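K.L.:
Shown below is the structure under consideration.
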Amino acid sequence: MPAPAAPYDYDAALRACARGEQQALHGLYQQESRYLLGVALRIVRQRALAEDVLHDAFLNIWRRAGSFDATRGSGKGWIYVVVRHQALNVARARAHEVSADEDTVETLLHQRQGDDADATSDAYALQANMGKLHDCLGHLDESKRNSILYAYVDGCTHSEIAQRLQAPLGTVKAWVKRGLAALRECMG
């Protein structure tokens with residue numbers, strides 16, 4: 001009778017990933033990918049999208065394996081949290097998308113063209129305000145300015161901004177809030 005296989009050591013696999021051992025990531029994928037795909041699928045509800053989530057999550061696992069702390073939880077749990085967060089981020093981003101048929105797009109384009117004709121008279125005022133906004137943004141420190149630009153120009157969530165700036169989520173929220181207050185005061 002064969003001896004039972006030793007349980008998979010997720011913590012050791014994550015430590016190996018942190019050292020750059022690609023085989024460890026492959027082992028994690030072989031061990032858990034079918035279950036993790038199920039987690040992603042329950043959240044995003046589309047198989048192709050769930051597969052993309054899983055791919056991106058494994059890239060995050062590879063990049064962030066060094067941040068895994070076994071004193072705070074199990075390696076297996078950490079992997080599932082990474083996949084769940086990735087799936088939730090995708091689901092939230094998709095919730096902001098708006099689908100429209102061709103007729104709706106045509107109507108919006110014609111409406112915008114009419115609005116553009118009305119806006120020509122206000123072009124000077126708009127240009128002046130944009131110049132002032134540019135100046136006010138220039139007076140903000142880099143972290144606040146980047147947080148606001150990521151949020152309002154790129155449409156990033158606070159979590160995405162925190163990831164881009166490699167800063168804690170609470171700090172990013174504070175930067176956005178304080179930066180907006182400073183812009184309101186400057187634009188006065």
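We name chains A, B, ... following the order of the structure tokens; residues begin at 1 in each chain, and ligands are numbered from 1 as shown.
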Near Ser74 in chain A, counting only C-alpha atoms, which residues have an atom at most 12 Å away, once you skip same-chain residues fewer than 2 positions from it, shown as a PyMOL selection string?
P.N.:
chain A and resi 8-14+68-72+76-81
K.L.:
Would you write out those residues with C-alpha atoms, as an mmCIF file, in the first residue's frame?
P.N.:
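Below is the file that was written, result_26.cif:
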data_model
loop_
_atom_site.group_PDB
_atom_site.id
_atom_site.type_symbol
_atom_site.label_atom_id
_atom_site.label_comp_id
_atom_site.auth_asym_id
_atom_site.auth_seq_id
_atom_site.Cartn_x
_atom_site.Cartn_y
_atom_site.Cartn_z
ATOM 1 C CA TYR A 8 1.658 20.543 -0.088
ATOM 2 C CA ASP A 9 3.756 23.235 1.616
ATOM 3 C CA TYR A 10 2.289 26.526 0.368
ATOM 4 C CA ASP A 11 4.477 28.614 2.672
ATOM 5 C CA ALA A 12 7.649 27.039 1.290
ATOM 6 C CA ALA A 13 6.399 27.507 -2.274
ATOM 7 C CA LEU A 14 5.776 31.217 -1.631
ATOM 8 C CA PHE A 68 3.839 36.951 2.424
ATOM 9 C CA ASP A 69 4.165 36.685 6.213
ATOM 10 C CA ALA A 70 3.513 33.216 7.640
ATOM 11 C CA THR A 71 2.944 34.706 11.102
ATOM 12 C CA ARG A 72 -0.173 36.477 9.766
ATOM 13 C CA LYS A 76 -2.826 28.841 0.954
ATOM 14 C CA GLY A 77 -5.107 31.479 2.473
ATOM 15 C CA TRP A 78 -2.866 34.283 1.192
ATOM 16 C CA ILE A 79 -3.063 32.919 -2.361
ATOM 17 C CA TYR A 80 -6.855 32.764 -2.177
ATOM 18 C CA VAL A 81 -7.004 36.357 -0.897
#
K.L.:
Of the candidates A:Trp62, A:Val44, A:Leu137, A:Leu28, which one gets nearest to Ala95 in chain A if we count only C-alpha atoms?
P.N.:
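Among the listed residues, the smallest separation from Ala95 in chain A belongs to A:Val44.
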K.L.:
Work out how far apart CA of Arg145 in chain A and CA of Gly179 in chain A are and give it in Å to one decimal.
P.N.:
6.8 Å
K.L.:
For the structure I just gave you, how does DSSP split range 8-184 of chain A - specifically, which residues are helix (DSSP H, G or I)? Reply as a ChimeraX atom specification.
P.N.:
/A:10-18,22-44,47-67,75-95,102-139,142-152,158-165,169-184
K.L.:
With C-alpha atoms retained, write the just-selected residues as a compact mmCIF listing (two decimals), in the first residue's frame.
P.N.:
# COMPACT_ATOMS: atom_id res chain seq x y z
CA TYR A 10 2.29 26.53 0.37
CA ASP A 11 4.48 28.61 2.67
CA ALA A 12 7.65 27.04 1.29
CA ALA A 13 6.40 27.51 -2.27
CA LEU A 14 5.78 31.22 -1.63
CA ARG A 15 9.24 31.62 -0.10
CA ALA A 16 10.69 29.94 -3.21
CA CYS A 17 8.69 32.31 -5.45
CA ALA A 18 10.12 35.23 -3.48
CA GLN A 22 9.70 29.79 -11.28
CA GLN A 23 9.14 26.09 -10.62
CA ALA A 24 7.56 27.00 -7.28
CA LEU A 25 5.00 29.22 -9.01
CA HIS A 26 4.30 26.42 -11.46
CA GLY A 27 3.78 24.06 -8.50
CA LEU A 28 1.32 26.47 -6.89
CA TYR A 29 -0.54 26.76 -10.17
CA GLN A 30 -0.70 22.97 -10.60
CA GLN A 31 -1.86 22.52 -7.02
CA GLU A 32 -4.60 25.18 -6.82
CA SER A 33 -5.46 26.69 -10.21
CA ARG A 34 -8.68 24.71 -10.74
CA TYR A 35 -10.00 25.75 -7.32
CA LEU A 36 -8.85 29.35 -7.70
CA LEU A 37 -10.54 29.53 -11.09
CA GLY A 38 -13.76 28.56 -9.32
CA VAL A 39 -13.30 31.42 -6.84
CA ALA A 40 -12.75 33.91 -9.66
CA LEU A 41 -15.65 32.50 -11.67
CA ARG A 42 -18.08 32.91 -8.77
CA ILE A 43 -17.15 36.60 -8.57
CA VAL A 44 -16.84 37.68 -12.23
CA ARG A 47 -15.14 31.98 -17.69
CA ALA A 48 -12.84 33.95 -20.02
CA LEU A 49 -12.76 36.83 -17.57
CA ALA A 50 -12.11 34.45 -14.67
CA GLU A 51 -9.17 32.98 -16.58
CA ASP A 52 -7.77 36.50 -17.07
CA VAL A 53 -8.24 37.17 -13.35
CA LEU A 54 -6.39 33.98 -12.50
CA HIS A 55 -3.52 34.90 -14.83
CA ASP A 56 -3.20 38.39 -13.35
CA ALA A 57 -3.49 37.02 -9.82
CA PHE A 58 -0.63 34.59 -10.41
CA LEU A 59 1.47 37.48 -11.71
CA ASN A 60 0.67 39.32 -8.47
CA ILE A 61 1.54 36.23 -6.44
CA TRP A 62 4.88 36.03 -8.24
CA ARG A 63 5.65 39.73 -7.73
CA ARG A 64 4.39 39.95 -4.17
CA ALA A 65 5.47 36.58 -2.77
CA GLY A 66 8.14 38.34 -0.73
CA SER A 67 5.43 40.20 1.19
CA GLY A 75 0.22 30.52 2.44
CA LYS A 76 -2.83 28.84 0.95
CA GLY A 77 -5.11 31.48 2.47
CA TRP A 78 -2.87 34.28 1.19
CA ILE A 79 -3.06 32.92 -2.36
CA TYR A 80 -6.85 32.76 -2.18
CA VAL A 81 -7.00 36.36 -0.90
CA VAL A 82 -4.85 37.55 -3.82
CA VAL A 83 -7.18 35.85 -6.33
CA ARG A 84 -10.32 37.10 -4.58
CA HIS A 85 -9.05 40.70 -4.51
CA GLN A 86 -8.09 40.53 -8.17
CA ALA A 87 -11.54 39.21 -9.08
CA LEU A 88 -13.30 41.85 -6.98
CA ASN A 89 -11.25 44.62 -8.61
CA VAL A 90 -12.23 43.36 -12.06
CA ALA A 91 -15.89 43.03 -11.05
CA ARG A 92 -15.90 46.60 -9.68
CA ALA A 93 -14.25 47.95 -12.81
CA ARG A 94 -16.80 46.18 -14.99
CA ALA A 95 -19.66 47.59 -12.91
CA GLU A 102 -25.27 51.87 -32.17
CA ASP A 103 -28.37 54.08 -32.06
CA THR A 104 -27.53 55.32 -28.57
CA VAL A 105 -23.94 56.06 -29.60
CA GLU A 106 -25.16 57.98 -32.68
CA THR A 107 -27.60 60.00 -30.58
CA LEU A 108 -24.88 60.87 -28.07
CA LEU A 109 -22.49 61.91 -30.85
CA HIS A 110 -25.08 64.22 -32.44
CA GLN A 111 -25.94 65.67 -29.04
CA ARG A 112 -22.28 66.28 -28.31
CA GLN A 113 -21.78 68.04 -31.65
CA GLY A 114 -24.61 70.40 -30.70
CA ASP A 115 -23.06 70.94 -27.29
CA ASP A 116 -19.70 71.65 -28.93
CA ALA A 117 -21.25 74.48 -30.95
CA ASP A 118 -22.63 76.03 -27.74
CA ALA A 119 -19.34 75.49 -25.98
CA THR A 120 -17.34 77.49 -28.51
CA SER A 121 -18.45 80.70 -26.85
CA ASP A 122 -17.25 79.40 -23.49
CA ALA A 123 -13.92 78.14 -24.85
CA TYR A 124 -12.00 81.13 -23.53
CA ALA A 125 -13.41 80.72 -20.01
CA LEU A 126 -12.69 77.00 -20.09
CA GLN A 127 -9.11 77.59 -21.24
CA ALA A 128 -8.58 80.09 -18.42
CA ASN A 129 -9.93 77.65 -15.84
CA MET A 130 -7.77 74.81 -17.20
CA GLY A 131 -4.69 77.01 -16.90
CA LYS A 132 -5.55 77.82 -13.30
CA LEU A 133 -6.19 74.13 -12.55
CA HIS A 134 -2.81 73.25 -14.05
CA ASP A 135 -1.13 75.86 -11.84
CA CYS A 136 -2.96 74.64 -8.74
CA LEU A 137 -2.02 71.02 -9.49
CA GLY A 138 1.58 72.17 -9.81
CA HIS A 139 1.49 73.49 -6.24
CA GLU A 142 3.78 64.82 -6.00
CA SER A 143 1.89 62.10 -4.07
CA LYS A 144 -1.32 64.16 -3.79
CA ARG A 145 -1.09 65.32 -7.42
CA ASN A 146 -0.53 61.79 -8.74
CA SER A 147 -3.34 60.38 -6.59
CA ILE A 148 -5.79 62.95 -7.94
CA LEU A 149 -4.68 62.46 -11.53
CA TYR A 150 -4.94 58.68 -11.27
CA ALA A 151 -8.42 59.00 -9.76
CA TYR A 152 -9.92 61.66 -12.00
CA HIS A 158 -8.30 54.05 -4.40
CA SER A 159 -7.03 50.44 -4.32
CA GLU A 160 -5.59 50.73 -7.83
CA ILE A 161 -3.92 54.02 -6.92
CA ALA A 162 -2.43 52.43 -3.80
CA GLN A 163 -1.08 49.63 -5.95
CA ARG A 164 0.39 52.02 -8.53
CA LEU A 165 2.01 54.24 -5.92
CA LEU A 169 -4.79 52.41 0.99
CA GLY A 170 -5.59 54.77 3.89
CA THR A 171 -2.70 57.02 2.94
CA VAL A 172 -3.93 57.24 -0.65
CA LYS A 173 -7.44 58.13 0.51
CA ALA A 174 -5.97 60.90 2.68
CA TRP A 175 -3.85 62.22 -0.21
CA VAL A 176 -6.90 62.42 -2.48
CA LYS A 177 -9.02 64.12 0.19
CA ARG A 178 -6.37 66.66 1.19
CA GLY A 179 -5.33 67.25 -2.41
CA LEU A 180 -8.91 68.01 -3.44
CA ALA A 181 -9.32 70.38 -0.50
CA ALA A 182 -6.13 72.20 -1.53
CA LEU A 183 -7.35 72.41 -5.15
CA ARG A 184 -10.72 73.85 -4.07
K.L.:
For CA of Cys186 in chain A and CA of Cys156 in chain A, quote the distance in Å rounded to one decimal.
P.N.:
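Between CA of Cys186 in chain A and CA of Cys156 in chain A the gap is 23.8 Å.
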K.L.:
Quick one, how far is CA of Leu140 in chain A from CA of Ala167 in chain A?
P.N.:
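Taking CA of Leu140 in chain A and CA of Ala167 in chain A, their separation equals 17.5 Å.
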